[in-house]
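Next comes query_11.pdb, a file with PDB, C-alpha atoms.
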```pdb
MODEL        1
ATOM      1  CA  MET P   1      13.130 -13.154  15.256
ATOM      2  CA  ASP P   2      11.170 -16.280  14.458
ATOM      3  CA  PHE P   3      10.424 -16.594  10.744
ATOM      4  CA  ALA P   4       8.709 -19.974  10.974
ATOM      5  CA  PHE P   5       5.370 -20.132   9.197
ATOM      6  CA  ASP P   6       2.304 -20.116  11.408
ATOM      7  CA  ALA P   7      -0.539 -22.605  10.935
ATOM      8  CA  ARG P   8      -2.567 -20.298   8.665
ATOM      9  CA  THR P   9       0.411 -19.668   6.398
ATOM     10  CA  GLU P  10       1.174 -23.383   6.195
ATOM     11  CA  GLU P  11      -2.462 -24.101   5.294
ATOM     12  CA  LEU P  12      -2.499 -21.426   2.575
ATOM     13  CA  ARG P  13       0.893 -22.551   1.254
ATOM     14  CA  ALA P  14      -0.397 -26.115   0.872
ATOM     15  CA  LYS P  15      -3.559 -24.935  -0.893
ATOM     16  CA  LEU P  16      -1.578 -22.592  -3.135
ATOM     17  CA  LEU P  17       1.035 -25.202  -4.060
ATOM     18  CA  ALA P  18      -1.753 -27.611  -5.032
ATOM     19  CA  PHE P  19      -3.507 -24.851  -7.014
ATOM     20  CA  MET P  20      -0.284 -24.102  -8.860
ATOM     21  CA  ASP P  21       0.314 -27.788  -9.693
ATOM     22  CA  GLU P  22      -3.272 -28.619 -10.621
ATOM     23  CA  HIS P  23      -4.338 -25.432 -12.383
ATOM     24  CA  VAL P  24      -1.700 -22.759 -13.025
ATOM     25  CA  TYR P  25       1.223 -24.711 -14.466
ATOM     26  CA  PRO P  26      -1.001 -26.713 -16.856
ATOM     27  CA  ALA P  27      -2.623 -23.442 -17.980
ATOM     28  CA  GLU P  28       0.660 -21.775 -18.983
ATOM     29  CA  ALA P  29       0.797 -23.357 -22.441
ATOM     30  CA  VAL P  30      -2.933 -22.782 -22.926
ATOM     31  CA  ALA P  31      -2.545 -19.096 -22.050
ATOM     32  CA  GLU P  32       0.343 -18.731 -24.481
ATOM     33  CA  GLU P  33      -1.721 -20.275 -27.291
ATOM     34  CA  GLN P  34      -4.712 -18.092 -26.451
ATOM     35  CA  ARG P  35      -2.580 -14.929 -26.303
ATOM     36  CA  ALA P  36      -1.276 -15.656 -29.797
ATOM     37  CA  ARG P  37      -4.860 -15.638 -31.104
ATOM     38  CA  LEU P  38      -6.067 -12.508 -29.316
ATOM     39  CA  ALA P  39      -6.982  -9.446 -31.342
ATOM     40  CA  SER P  40      -5.124  -7.157 -28.946
ATOM     41  CA  PRO P  41      -2.182  -7.755 -26.608
ATOM     42  CA  TRP P  42      -4.286  -6.046 -23.919
ATOM     43  CA  ASP P  43      -7.024  -8.686 -24.068
ATOM     44  CA  THR P  44      -7.054 -11.400 -21.430
ATOM     45  CA  PRO P  45      -6.854 -15.076 -22.380
ATOM     46  CA  ALA P  46      -9.992 -16.976 -21.376
ATOM     47  CA  VAL P  47      -7.964 -19.386 -19.258
ATOM     48  CA  VAL P  48      -7.043 -16.514 -16.925
ATOM     49  CA  GLU P  49     -10.717 -15.939 -16.115
ATOM     50  CA  GLU P  50     -11.091 -19.669 -15.441
ATOM     51  CA  LEU P  51      -8.120 -19.561 -13.067
ATOM     52  CA  LYS P  52      -9.559 -16.521 -11.291
ATOM     53  CA  ALA P  53     -12.861 -18.321 -10.734
ATOM     54  CA  GLU P  54     -11.079 -21.370  -9.346
ATOM     55  CA  ALA P  55      -8.863 -19.266  -7.067
ATOM     56  CA  ARG P  56     -11.972 -17.619  -5.621
ATOM     57  CA  ARG P  57     -13.621 -21.007  -5.074
ATOM     58  CA  GLN P  58     -10.554 -22.174  -3.191
ATOM     59  CA  GLY P  59     -10.251 -19.057  -1.024
ATOM     60  CA  LEU P  60      -7.039 -17.935  -2.706
ATOM     61  CA  TRP P  61      -8.269 -14.453  -3.634
ATOM     62  CA  ASN P  62      -6.866 -11.028  -2.659
ATOM     63  CA  LEU P  63      -4.332 -12.639  -0.339
ATOM     64  CA  PHE P  64      -2.079  -9.576  -0.317
ATOM     65  CA  LEU P  65      -4.490  -7.202   1.438
ATOM     66  CA  PRO P  66      -3.710  -6.949   5.149
ATOM     67  CA  ASP P  67      -7.133  -5.400   5.814
ATOM     68  CA  ALA P  68      -9.466  -8.338   6.475
ATOM     69  CA  GLU P  69     -12.450  -6.235   5.376
ATOM     70  CA  TYR P  70     -11.150  -6.340   1.807
ATOM     71  CA  GLY P  71      -8.685  -9.207   1.647
ATOM     72  CA  ALA P  72      -7.206 -12.133   3.496
ATOM     73  CA  GLY P  73      -5.965 -10.060   6.415
ATOM     74  CA  LEU P  74      -2.481 -11.561   6.241
ATOM     75  CA  THR P  75       0.624  -9.943   7.645
ATOM     76  CA  ASN P  76       3.675  -9.402   5.436
ATOM     77  CA  LEU P  77       5.309 -12.376   7.136
ATOM     78  CA  GLN P  78       2.329 -14.548   6.186
ATOM     79  CA  TYR P  79       1.943 -13.224   2.640
ATOM     80  CA  ALA P  80       5.625 -13.256   1.614
ATOM     81  CA  PRO P  81       5.931 -17.048   1.164
ATOM     82  CA  LEU P  82       2.705 -17.046  -0.856
ATOM     83  CA  ALA P  83       4.009 -14.294  -3.127
ATOM     84  CA  GLU P  84       7.188 -16.310  -3.630
ATOM     85  CA  ILE P  85       5.081 -19.235  -4.837
ATOM     86  CA  THR P  86       3.013 -17.126  -7.242
ATOM     87  CA  GLY P  87       6.250 -15.657  -8.578
ATOM     88  CA  ARG P  88       7.024 -19.064 -10.059
ATOM     89  CA  SER P  89       4.420 -18.323 -12.740
ATOM     90  CA  PRO P  90       4.588 -14.537 -13.073
ATOM     91  CA  GLN P  91       2.406 -14.359 -16.189
ATOM     92  CA  LEU P  92      -0.542 -16.207 -14.643
ATOM     93  CA  ALA P  93      -0.506 -16.797 -10.901
ATOM     94  CA  PRO P  94      -0.543 -13.232  -9.523
ATOM     95  CA  THR P  95      -3.398 -12.265 -11.835
ATOM     96  CA  ALA P  96      -5.251 -15.520 -11.147
ATOM     97  CA  LEU P  97      -5.217 -14.736  -7.406
ATOM     98  CA  ASN P  98      -5.917 -11.024  -7.960
ATOM     99  CA  CYS P  99      -2.530 -10.246  -6.431
ATOM    100  CA  ALA P 100      -0.815  -8.615  -9.419
ATOM    101  CA  ALA P 101       0.879  -5.246  -9.436
ATOM    102  CA  PRO P 102       0.007  -2.459  -9.879
ATOM    103  CA  ASP P 103      -3.485  -3.469  -8.741
ATOM    104  CA  THR P 104      -2.208  -4.598  -5.343
ATOM    105  CA  GLY P 105      -0.713  -1.238  -4.432
ATOM    106  CA  ASN P 106      -3.620   0.690  -5.892
ATOM    107  CA  MET P 107      -6.121  -1.426  -3.940
ATOM    108  CA  GLU P 108      -4.158  -0.892  -0.734
ATOM    109  CA  VAL P 109      -4.177   2.873  -1.259
ATOM    110  CA  LEU P 110      -7.899   2.909  -2.047
ATOM    111  CA  ALA P 111      -8.735   0.665   0.925
ATOM    112  CA  GLN P 112      -6.747   2.814   3.327
ATOM    113  CA  PHE P 113      -7.237   6.317   1.967
ATOM    114  CA  GLY P 114     -10.079   6.270  -0.564
ATOM    115  CA  ASP P 115     -13.407   7.854   0.196
ATOM    116  CA  GLU P 116     -16.652   5.922  -0.234
ATOM    117  CA  ARG P 117     -17.157   7.126  -3.820
ATOM    118  CA  GLN P 118     -13.626   6.090  -4.819
ATOM    119  CA  ARG P 119     -14.005   2.731  -3.135
ATOM    120  CA  LYS P 120     -17.304   2.110  -4.929
ATOM    121  CA  GLN P 121     -16.004   3.230  -8.330
ATOM    122  CA  TRP P 122     -12.513   1.741  -8.247
ATOM    123  CA  LEU P 123     -11.806  -0.489  -5.264
ATOM    124  CA  GLU P 124     -14.835  -2.755  -5.566
ATOM    125  CA  PRO P 125     -14.226  -3.644  -9.252
ATOM    126  CA  LEU P 126     -10.503  -4.121  -8.541
ATOM    127  CA  LEU P 127     -11.260  -6.413  -5.598
ATOM    128  CA  ALA P 128     -13.629  -8.382  -7.820
ATOM    129  CA  GLY P 129     -10.985  -8.696 -10.544
ATOM    130  CA  GLU P 130     -13.297  -6.987 -13.038
ATOM    131  CA  ILE P 131     -10.852  -4.235 -13.978
ATOM    132  CA  ARG P 132      -7.111  -3.691 -13.938
ATOM    133  CA  SER P 133      -5.317  -0.529 -12.930
ATOM    134  CA  ALA P 134      -2.091   1.219 -13.720
ATOM    135  CA  PHE P 135       0.246   3.786 -12.364
ATOM    136  CA  ALA P 136       2.793   5.641 -14.358
ATOM    137  CA  MET P 137       3.926   9.211 -14.145
ATOM    138  CA  THR P 138       6.838  11.064 -15.572
ATOM    139  CA  GLU P 139       7.823  14.524 -16.658
ATOM    140  CA  PRO P 140       8.986  15.414 -20.148
ATOM    141  CA  GLU P 141      12.392  16.624 -18.977
ATOM    142  CA  VAL P 142      12.902  14.003 -16.258
ATOM    143  CA  ALA P 143      13.171  10.406 -17.424
ATOM    144  CA  SER P 144      13.464   8.851 -14.013
ATOM    145  CA  SER P 145      11.556   6.825 -11.483
ATOM    146  CA  ASP P 146      13.384   8.704  -8.733
ATOM    147  CA  ALA P 147      10.815  11.087  -7.248
ATOM    148  CA  THR P 148      13.563  13.419  -6.040
ATOM    149  CA  ASN P 149      14.136  14.387  -9.685
ATOM    150  CA  ILE P 150      10.590  15.686 -10.174
ATOM    151  CA  THR P 151      10.483  19.379 -11.031
ATOM    152  CA  THR P 152       6.752  20.058 -10.749
ATOM    153  CA  LEU P 153       5.802  22.234  -7.778
ATOM    154  CA  ILE P 154       2.628  22.250  -5.715
ATOM    155  CA  GLU P 155       2.114  25.357  -3.621
ATOM    156  CA  ARG P 156      -0.742  26.834  -1.636
ATOM    157  CA  ALA P 157      -2.541  29.524  -3.635
ATOM    158  CA  SER P 158      -1.360  33.030  -2.769
ATOM    159  CA  ASP P 159      -4.929  34.354  -2.397
ATOM    160  CA  GLY P 160      -5.304  32.876   1.104
ATOM    161  CA  THR P 161      -7.728  30.128   0.075
ATOM    162  CA  ASP P 162      -7.296  26.442   0.791
ATOM    163  CA  GLU P 163      -6.524  25.812  -2.858
ATOM    164  CA  TYR P 164      -3.247  24.671  -4.367
ATOM    165  CA  VAL P 165      -1.520  25.494  -7.613
ATOM    166  CA  VAL P 166       0.360  22.780  -9.480
ATOM    167  CA  THR P 167       3.072  24.158 -11.732
ATOM    168  CA  GLY P 168       4.646  21.710 -14.104
ATOM    169  CA  ARG P 169       3.925  19.229 -16.804
ATOM    170  CA  LYS P 170       3.216  15.552 -16.235
ATOM    171  CA  TRP P 171       2.702  12.581 -18.508
ATOM    172  CA  TYR P 172       0.441   9.847 -17.184
ATOM    173  CA  ILE P 173      -0.871   6.571 -18.489
ATOM    174  CA  SER P 174      -3.895   4.713 -17.292
ATOM    175  CA  GLY P 175      -4.998   1.129 -17.302
ATOM    176  CA  ARG P 176      -8.183  -0.188 -18.750
TER     177      ARG P 176
ENDMDL
END
```
Just give me the structure as structure tokens.
Amino acid sequence: MDFAFDARTEELRAKLLAFMDEHVYPAEAVAEEQRARLASPWDTPAVVEELKAEARRQGLWNLFLPDAEYGAGLTNLQYAPLAEITGRSPQLAPTALNCAAPDTGNMEVLAQFGDERQRKQWLEPLLAGEIRSAFAMTEPEVASSDATNITTLIERASDGTDEYVVTGRKWYISGR
């Protein structure tokens, strides 16, 4: 199998490497200083919003989405070397390019499986970088990320309807 980068990947790699050198790496110290002055650890340093605006201007936005309607339309082979580059500044670069987890996975799910209302309410603001998302789920008796340990059951209702009954207890968190 040929793993050589195609022309589009090479072009994006060059743009991204320049973006990292010119904008992201110099912003790391600024972000750290700004974080220290924030009222809440959940607030975003102003420099992150500046980086996001610049990434959009340069066409380095939502690179992870393989669906060209919502993102860059890159394959995994094309996106992987870009993700490796953003991983060199994990606190800034993925967020600056709107390619940070868990938003990436949540956007992919919404783009592929969400209905129009869900896309309008959640996908559009995520794609725009206006909100962040989260995913976390556990059960009180099962401290594990291994889904095979989950004890909650979902079964079709016994009354013959198309409804389901969920039996169990879950703990969730949500983003902002």
- For this file, the PyMOL selection byres ((chain P and resi 102) around 8) selects which residues, as a list in words? Ala100, Ala101, Asp103, Thr104, Gly105, Asn106, Ser133, Ala134 and Phe135 of chain P
- Radius query 10 Å about (-1.3, -18.1, -9.6), atoms used: all atoms listed in the file, as a ChimeraX atom specification: /P:16-17,19-21,23-25,48,51-52,55,60-61,82-83,85-100
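Using all atoms listed in the file, the smallest distance between any of P:Val166, P:Glu141, P:Glu22, P:Met107 and Gln121 in chain P comes from P:Met107.
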Sort by chain and increasing residue number a table of all residues of range 74-162 of chain P within 10 Å of range 7-15 of chain P, each with its closest pair of atoms and their distance in Å to one decimal, counting all atoms listed in the file, and write it as CSV.
```
residue,atom,partner,partner_atom,distance
P:Leu74,CA,P:Thr9,CA,8.6
P:Thr75,CA,P:Thr9,CA,9.8
P:Leu77,CA,P:Thr9,CA,8.8
P:Gln78,CA,P:Thr9,CA,5.5
P:Tyr79,CA,P:Thr9,CA,7.6
P:Ala80,CA,P:Thr9,CA,9.5
P:Pro81,CA,P:Arg13,CA,7.5
P:Leu82,CA,P:Arg13,CA,6.2
P:Ala83,CA,P:Arg13,CA,9.9
P:Ile85,CA,P:Arg13,CA,8.1
```
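Here CA of Asn62 in chain P and CA of Leu127 in chain P stand 7.0 Å from one another.
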- Message: To one decimal place in Å, what is the distance between CA of Glu124 in chain P and CA of Pro41 in chain P?
- Response: 25.1 Å
- Item | CA of Ile150 in chain P to CA of Arg169 in chain P, distance in Å rounded to a single decimal | 10.0 Å
- Message: Restricting the calculation to only C-alpha atoms: of P:Glu139, P:Gly73, P:Gln58, P:Val165, which residue gets closest to Leu153 in chain P?
- Response: P:Val165
- Let me know the residues the PyMOL selection byres ((chain P and resi 32) around 12) catches in the file above, as a list of chain:residue names. P:Tyr25, P:Pro26, P:Ala27, P:Glu28, P:Ala29, P:Val30, P:Ala31, P:Glu33, P:Gln34, P:Arg35, P:Ala36, P:Arg37, P:Leu38, P:Pro41, P:Thr44, P:Pro45, P:Ala46, P:Val47, P:Val48, P:Gln91, P:Leu92
Would you mind exporting C-alpha atoms of the selected residues as a CSV table (one decimal), in the frame of the given file?
```
chain,number,residue,atom,x,y,z
P,25,TYR,CA,1.2,-24.7,-14.5
P,26,PRO,CA,-1.0,-26.7,-16.9
P,27,ALA,CA,-2.6,-23.4,-18.0
P,28,GLU,CA,0.7,-21.8,-19.0
P,29,ALA,CA,0.8,-23.4,-22.4
P,30,VAL,CA,-2.9,-22.8,-22.9
P,31,ALA,CA,-2.5,-19.1,-22.0
P,33,GLU,CA,-1.7,-20.3,-27.3
P,34,GLN,CA,-4.7,-18.1,-26.5
P,35,ARG,CA,-2.6,-14.9,-26.3
P,36,ALA,CA,-1.3,-15.7,-29.8
P,37,ARG,CA,-4.9,-15.6,-31.1
P,38,LEU,CA,-6.1,-12.5,-29.3
P,41,PRO,CA,-2.2,-7.8,-26.6
P,44,THR,CA,-7.1,-11.4,-21.4
P,45,PRO,CA,-6.9,-15.1,-22.4
P,46,ALA,CA,-10.0,-17.0,-21.4
P,47,VAL,CA,-8.0,-19.4,-19.3
P,48,VAL,CA,-7.0,-16.5,-16.9
P,91,GLN,CA,2.4,-14.4,-16.2
P,92,LEU,CA,-0.5,-16.2,-14.6
```
